[in-house]
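Chemist: Below is one structure. I have some questions about it.
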2 protein chains.
Amino acid sequence: MHINSLLDPAQWQMPNGGPLYVQLRRYIEKAILEGILPAASALPAEREIAALTGLSRVTVRKAVKRLVTEGLIVQRRGSGSFVASKVQKVEQSLSRLTSFTEDMARRGMTVSSTWLERGLFMPSPQEVVTLGLRAGDSVARIARLRCANEQPMAIERASLATHFLPNPLRVESSLYAILEESGNRPVRAIQRISATNIQEADANILGVEPDVAGLRIERTSYLPSGRVVEFTQSLYRGDAYDFVAELQISG
Amino acid sequence: MHINSLLDPAQWQMPNGGPLYVQLRRYIEKAILEGILPAASALPAEREIAALTGLSRVTVRKAVKRLVTEGLIVQRRGSGSFVASKVQKVEQSLSRLTSFTEDMARRGMTVSSTWLERGLFMPSPQEVVTLGLRAGDSVARIARLRCANEQPMAIERASLATHFLPNPLRVESSLYAILEESGNRPVRAIQRISATNIQEADANILGVEPDVAGLRIERTSYLPSGRVVEFTQSLYRGDAYDFVAELQISG
DNA sequence: TAGTGGTCTAGACCACTAT
DNA sequence: TAGTGGTCTAGACCACTAT
């Protein structure tokens, strides 16, 4: 069916069917999910949708807005609106302690990282407590954007005592590989997982819309001795990751 | 400071400071986070904010919209807009297999549930595969809204073979307690965790705004024999839950 | 330069709440 | 009945893209 007749109000508008922007949104959503509007295809311009549907442009934008937040549509100013292509989901175990680099390599995916921060800093109170730092100690921080197959997946912000990572610039890809060299690879970790709407700054880094759902993971890793090695805060795209955990009966 | 002078454009508007709705949103957000606008206090009506700030009502609504999505502000039609009170976060272990009822009781919280669905149904293809049903078998479904201290926390949709739950109406509070009676309490489970923007229907049930971030958990539970007992899909409010997992070194 | 999405206005009517 | 948020319009100007 031609896109113009697709948007004819008779196709989607029902009296007493609720707000017009909701009806239009659901109709477009359905068309995308059913493949009538294939990935990467262009939507008509907002002004044209308005003309075809008989709605104002404001209402059209309101209809499209949530589909953009959900990641079904990508809007590019000056260029147009396009049906987004689906992101491949990745699974990660929640019971084995693995490194991102090794984990992706095992799947045959190409890993790349962009450095957001790397160096020695004055520790925050939380870092002092969690890493067990002493007064005057500085802290090593490495923050990076993690990509798999060129696709941004997560922001990872790790903090370590300088004892374990005197020179943060030495970390090129795998932090755990570096820690292994000095016999300080952690063997145990506590992870705290929650869901959060990704805020503007991080959304820009991850290339998603603000308010998209993301997984926030705080990880504290330990040596066999019980000493804390690293404290990492990560933010994963909700549409790109599945975490898998195996549970045992409660004691 | 009086609310009216608080909203004076001179207080928050900067030339070249970006879109007006973003500037106003950040300003109101800051006022809430700093406690200048305490929980449960009423914001001025949208028309009044528009008059005080010199903006149109549309722009004021746009500024407030995201704060509503983030759960900082609650809007009630016909009544007004109010600063939301913070939700108490709850932790749940990802390594021990516990029941919601028992878990909350251990914390001294009052558990209540509202039934969304309870009975025998024709199974979906996914239920047939996951639960290992035979042709013609029906499936027992119990779906409920879980609350702790009157606060909606999660939607839980469980499916079981009728062999394990011949009469779903018998489940009053704890499903696991019922399963225990017949010696069918699961001892192991696989959970799959991801983040998602909570859609309209579920958002209404949970009493949150559409698009708020939530944790989606799919759990398949097993008997010691390896047979699947239940398959549960849960949706937790992102602002109400922290899941905690302990990881061991990868093999 | 033509076309696109991003922002913003002034005004209208509706459904709902509180009284 | 007065006040509130929810929806919707017609129009304007801007920043950016593609050519």
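Letters A, B, ... go to the chains of the structure tokens in the order shown; residues in each chain start at 1; ligands are counted from 1 in the same order.
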Could you list, as a ChimeraX atom specification, every residue of chain A that has an atom within 7 Å of an atom of chain C, counting only C-alpha atoms (C1' of nucleotides)?
Modeler: /A:76-80
Chemist: Select, as a PyMOL selection string, those residues of chain B with any atom no more than 9 Å from chain A (distances computed using only C-alpha atoms).
Modeler: chain B and resi 66+69-70+91+93-98+186-198+211-215+221+236-251
Chemist: Quick one: DSSP strand (DSSP E or B) residues in segment 20-247 of chain B, as JSON, numbers by chain?
Modeler: {"B": [42, 73, 74, 75, 76, 80, 81, 82, 83, 90, 91, 92, 93, 96, 97, 111, 112, 113, 114, 115, 116, 117, 118, 119, 120, 121, 139, 140, 141, 142, 143, 144, 145, 146, 147, 148, 151, 152, 153, 154, 155, 156, 157, 158, 159, 160, 161, 188, 189, 190, 191, 192, 193, 194, 195, 196, 197, 213, 214, 215, 216, 217, 218, 219, 220, 221, 222, 228, 229, 230, 231, 232, 233, 234, 235, 236, 237, 241, 242, 243, 244, 245, 246, 247]}
Chemist: Leaving out Ala50 of chain B and any residue of its chain fewer than 4 positions from it, which residues lie within 10 Å of it when counting only C-alpha atoms (C1' of nucleotides), given as a short mmCIF file (atom, residue, chain, number, x, y, z; two decimals) with C-alpha atoms, in the first residue's frame?
Modeler:
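Saved as out_37.cif:
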data_model
loop_
_atom_site.label_atom_id
_atom_site.label_comp_id
_atom_site.auth_asym_id
_atom_site.auth_seq_id
_atom_site.Cartn_x
_atom_site.Cartn_y
_atom_site.Cartn_z
CA LEU B 7 10.12 31.53 38.83
CA PRO B 44 1.80 26.62 40.69
CA ALA B 45 -0.75 25.78 38.00
CA GLU B 46 0.68 25.52 34.48
CA GLY B 54 6.65 34.70 30.46
CA LEU B 55 6.51 31.42 28.53
CA SER B 56 3.61 29.82 26.70
CA ARG B 57 1.79 27.03 28.46
CA VAL B 58 2.98 24.54 25.84
CA THR B 59 6.59 25.31 26.69
CA VAL B 60 5.90 25.03 30.42
CA ARG B 61 4.32 21.60 29.87
#
Chemist: Can you tell me which residues surround Phe82 of chain B at a distance of at most 10 Å, considering only C-alpha atoms (C1' of nucleotides), apart from same-chain residues fewer than 6 positions away, and format the answer as JSON, numbers by chain?
Modeler: {"B": [37, 38, 39, 40, 41, 42, 43, 44, 45, 68, 72, 73, 74, 75, 76]}
Chemist: Could you please take those selected residues and save N, CA, C and O atoms as a short mmCIF file (atom, residue, chain, number, x, y, z; two decimals), in the first residue's frame?
Modeler:
data_model
loop_
_atom_site.label_atom_id
_atom_site.label_comp_id
_atom_site.auth_asym_id
_atom_site.auth_seq_id
_atom_site.Cartn_x
_atom_site.Cartn_y
_atom_site.Cartn_z
N LEU B 37 11.83 22.99 46.91
CA LEU B 37 10.45 22.53 46.74
C LEU B 37 10.32 21.18 47.42
O LEU B 37 10.76 20.17 46.87
N PRO B 38 9.77 21.14 48.63
CA PRO B 38 9.74 19.88 49.38
C PRO B 38 8.71 18.89 48.81
O PRO B 38 7.83 19.28 48.04
N ALA B 39 8.88 17.61 49.17
CA ALA B 39 7.97 16.57 48.72
C ALA B 39 6.53 16.92 49.07
O ALA B 39 6.26 17.48 50.14
N ALA B 40 5.62 16.60 48.17
CA ALA B 40 4.18 16.79 48.36
C ALA B 40 3.73 18.24 48.22
O ALA B 40 2.54 18.53 48.23
N SER B 41 4.68 19.16 48.05
CA SER B 41 4.25 20.54 47.86
C SER B 41 3.71 20.72 46.46
O SER B 41 4.12 20.04 45.53
N ALA B 42 2.77 21.65 46.31
CA ALA B 42 2.14 21.87 45.02
C ALA B 42 2.94 22.86 44.19
O ALA B 42 3.42 23.88 44.71
N LEU B 43 3.08 22.56 42.90
CA LEU B 43 3.64 23.55 41.99
C LEU B 43 2.51 24.53 41.64
O LEU B 43 1.33 24.19 41.74
N PRO B 44 2.85 25.73 41.21
CA PRO B 44 1.80 26.62 40.69
C PRO B 44 1.15 25.95 39.48
O PRO B 44 1.77 25.11 38.84
N ALA B 45 -0.08 26.33 39.17
CA ALA B 45 -0.75 25.78 38.00
C ALA B 45 0.04 26.13 36.75
O ALA B 45 0.74 27.14 36.71
N VAL B 68 8.10 14.62 35.11
CA VAL B 68 7.02 13.68 35.40
C VAL B 68 7.46 12.26 35.05
O VAL B 68 7.27 11.32 35.82
N LEU B 72 9.81 12.76 39.39
CA LEU B 72 10.04 13.83 40.35
C LEU B 72 8.76 14.61 40.63
O LEU B 72 8.60 15.19 41.69
N ILE B 73 7.89 14.65 39.64
CA ILE B 73 6.64 15.40 39.76
C ILE B 73 5.47 14.48 39.41
O ILE B 73 5.58 13.65 38.51
N VAL B 74 4.38 14.62 40.16
CA VAL B 74 3.16 13.87 39.85
C VAL B 74 2.10 14.87 39.43
O VAL B 74 1.87 15.86 40.13
N GLN B 75 1.45 14.62 38.29
CA GLN B 75 0.38 15.52 37.85
C GLN B 75 -0.96 14.83 38.00
O GLN B 75 -1.11 13.66 37.65
N ARG B 76 -1.92 15.55 38.54
CA ARG B 76 -3.28 15.01 38.67
C ARG B 76 -4.26 15.96 38.00
O ARG B 76 -4.41 17.11 38.44
#
Chemist: Can you measure atom CA of Leu145 of chain A to atom CA of Thr110 of chain A for me? One decimal in Å is fine.
Modeler: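 Value for the atom CA of Leu145 of chain A-atom CA of Thr110 of chain A distance: 13.9 Å.
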Chemist: Which neighbours of Leu116 of chain B fall inside 10 Å, counting only C-alpha atoms (C1' of nucleotides), when residues of the same chain fewer than 4 positions from it are skipped, and could you give them as a list in words?
Modeler: Ile142, Ala143, Arg144, Leu145, Ile155, Glu156, Arg157 and Ile205 of chain B
Chemist: If I take atom CA of Glu117 of chain A and atom CA of Arg141 of chain A, how far is one from the other in Å, to one decimal?
Modeler: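 Taking atom CA of Glu117 of chain A and atom CA of Arg141 of chain A, their separation equals 7.0 Å.
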Chemist: Taking the chain letters and numbering used in this document, name the residues of segment 60-239 of chain A that DSSP puts in alpha helix (DSSP H), as JSON, numbers by chain.
Modeler: {"A": [60, 61, 62, 63, 64, 65, 66, 67, 68, 69, 100, 101, 102, 103, 104, 105, 106, 125, 126, 127, 128, 129, 130, 131, 175, 176, 177, 178, 179, 180, 181, 200, 201, 202, 203, 204, 205, 206]}
Chemist: Just want the 12 Å neighbourhood of Val128 of chain A, counted on only C-alpha atoms (C1' of nucleotides), with same-chain residues fewer than 5 positions away dropped. Output as a CSV table (one decimal) with all heavy atoms, in the first residue's frame.
Modeler:
chain,number,residue,atom,x,y,z
A,121,PHE,N,43.2,10.9,40.1
A,121,PHE,CA,42.4,12.0,40.6
A,121,PHE,C,42.3,12.0,42.1
A,121,PHE,O,42.7,11.0,42.8
A,121,PHE,CB,41.0,11.8,40.0
A,121,PHE,CG,40.9,11.8,38.5
A,121,PHE,CD1,41.2,10.7,37.8
A,121,PHE,CD2,40.7,13.0,37.9
A,121,PHE,CE1,41.1,10.7,36.4
A,121,PHE,CE2,40.6,13.1,36.5
A,121,PHE,CZ,40.9,11.9,35.7
A,122,MET,N,41.8,13.1,42.6
A,122,MET,CA,41.4,13.1,44.0
A,122,MET,C,40.1,12.2,44.2
A,122,MET,O,39.2,12.4,43.4
A,122,MET,CB,41.0,14.6,44.4
A,122,MET,CG,42.2,15.5,44.5
A,122,MET,SD,43.3,15.0,45.9
A,122,MET,CE,42.1,15.3,47.3
A,123,PRO,N,40.1,11.3,45.1
A,123,PRO,CA,39.0,10.4,45.3
A,123,PRO,C,37.8,11.1,45.8
A,123,PRO,O,37.9,12.1,46.6
A,123,PRO,CB,39.5,9.4,46.3
A,123,PRO,CG,40.6,10.1,47.1
A,123,PRO,CD,41.2,11.1,46.1
A,133,LEU,N,40.7,3.7,50.9
A,133,LEU,CA,41.9,4.5,50.7
A,133,LEU,C,42.2,5.2,52.0
A,133,LEU,O,41.4,5.4,52.9
A,133,LEU,CB,41.6,5.6,49.6
A,133,LEU,CG,41.1,5.0,48.2
A,133,LEU,CD1,40.9,6.2,47.3
A,133,LEU,CD2,42.2,4.1,47.7
A,134,ARG,N,43.5,5.7,52.0
A,134,ARG,CA,43.9,6.5,53.2
A,134,ARG,C,44.0,7.9,52.8
A,134,ARG,O,44.0,8.3,51.7
A,134,ARG,CB,45.3,6.0,53.7
A,134,ARG,CG,45.3,4.7,54.5
A,134,ARG,CD,46.7,4.1,54.5
A,134,ARG,NE,47.2,3.9,53.2
A,134,ARG,CZ,48.4,3.3,53.0
A,134,ARG,NH1,49.1,2.8,54.0
A,134,ARG,NH2,48.8,3.2,51.7
A,135,ALA,N,44.0,8.8,53.9
A,135,ALA,CA,44.0,10.2,53.6
A,135,ALA,C,45.2,10.6,52.7
A,135,ALA,O,46.3,10.1,52.9
A,135,ALA,CB,44.1,10.9,55.0
A,136,GLY,N,44.9,11.4,51.7
A,136,GLY,CA,46.0,11.8,50.8
A,136,GLY,C,46.2,10.9,49.6
A,136,GLY,O,46.8,11.3,48.7
A,137,ASP,N,45.7,9.7,49.7
A,137,ASP,CA,45.8,8.8,48.5
A,137,ASP,C,45.0,9.4,47.3
A,137,ASP,O,44.0,10.0,47.5
A,137,ASP,CB,45.1,7.4,48.8
A,137,ASP,CG,46.0,6.5,49.7
A,137,ASP,OD1,47.2,6.9,49.9
A,137,ASP,OD2,45.6,5.4,50.1
A,138,SER,N,45.6,9.2,46.1
A,138,SER,CA,44.8,9.5,44.9
A,138,SER,C,44.2,8.2,44.4
A,138,SER,O,44.4,7.1,44.9
A,138,SER,CB,45.7,10.2,43.9
A,138,SER,OG,46.8,9.4,43.6
A,139,VAL,N,43.3,8.4,43.4
A,139,VAL,CA,42.6,7.2,42.9
A,139,VAL,C,42.8,7.1,41.4
A,139,VAL,O,42.9,8.2,40.7
A,139,VAL,CB,41.1,7.3,43.3
A,139,VAL,CG1,40.5,8.4,42.5
A,139,VAL,CG2,40.4,6.0,43.0
A,140,ALA,N,42.9,5.9,40.8
A,140,ALA,CA,43.0,5.7,39.4
A,140,ALA,C,41.6,5.5,38.8
A,140,ALA,O,40.9,4.7,39.3
A,140,ALA,CB,43.9,4.5,39.1
A,159,SER,N,37.1,2.7,39.2
A,159,SER,CA,38.0,3.3,40.1
A,159,SER,C,38.8,2.2,40.8
A,159,SER,O,38.3,1.2,41.2
A,159,SER,CB,37.2,4.1,41.1
A,159,SER,OG,36.4,5.1,40.5
A,160,LEU,N,40.1,2.5,40.9
A,160,LEU,CA,41.0,1.5,41.6
A,160,LEU,C,42.0,2.3,42.5
A,160,LEU,O,42.3,3.5,42.2
A,160,LEU,CB,41.8,0.7,40.6
A,160,LEU,CG,41.1,-0.2,39.6
A,160,LEU,CD1,40.8,0.6,38.3
A,160,LEU,CD2,41.9,-1.4,39.3
A,161,ALA,N,42.4,1.7,43.5
A,161,ALA,CA,43.5,2.2,44.3
A,161,ALA,C,44.8,2.3,43.4
A,161,ALA,O,45.0,1.4,42.6
A,161,ALA,CB,43.8,1.4,45.6
A,162,THR,N,45.6,3.3,43.6
A,162,THR,CA,46.8,3.4,42.7
A,162,THR,C,47.7,2.2,42.9
A,162,THR,O,48.5,1.9,42.1
A,162,THR,CB,47.5,4.7,43.0
A,162,THR,OG1,47.8,4.8,44.4
A,162,THR,CG2,46.7,5.9,42.6
A,228,VAL,N,39.3,-5.1,48.3
A,228,VAL,CA,38.6,-4.6,47.2
A,228,VAL,C,39.6,-4.1,46.1
A,228,VAL,O,40.6,-3.4,46.4
A,228,VAL,CB,37.8,-3.4,47.6
A,228,VAL,CG1,37.2,-2.7,46.3
A,228,VAL,CG2,36.6,-3.8,48.5
A,230,GLU,N,38.5,-3.2,42.6
A,230,GLU,CA,37.9,-2.1,41.7
A,230,GLU,C,36.5,-1.9,42.1
A,230,GLU,O,35.8,-2.7,42.7
A,230,GLU,CB,38.0,-2.5,40.2
A,230,GLU,CG,37.3,-3.9,40.0
A,230,GLU,CD,36.6,-4.0,38.6
A,230,GLU,OE1,36.6,-3.1,37.8
A,230,GLU,OE2,36.0,-5.1,38.4
A,231,PHE,N,36.1,-0.7,41.8
A,231,PHE,CA,34.7,-0.3,42.0
A,231,PHE,C,34.3,0.3,40.7
A,231,PHE,O,34.8,1.3,40.2
A,231,PHE,CB,34.6,0.7,43.1
A,231,PHE,CG,33.2,1.3,43.2
A,231,PHE,CD1,32.1,0.5,43.6
A,231,PHE,CD2,33.0,2.7,43.0
A,231,PHE,CE1,30.8,1.1,43.7
A,231,PHE,CE2,31.7,3.2,43.0
A,231,PHE,CZ,30.6,2.4,43.4
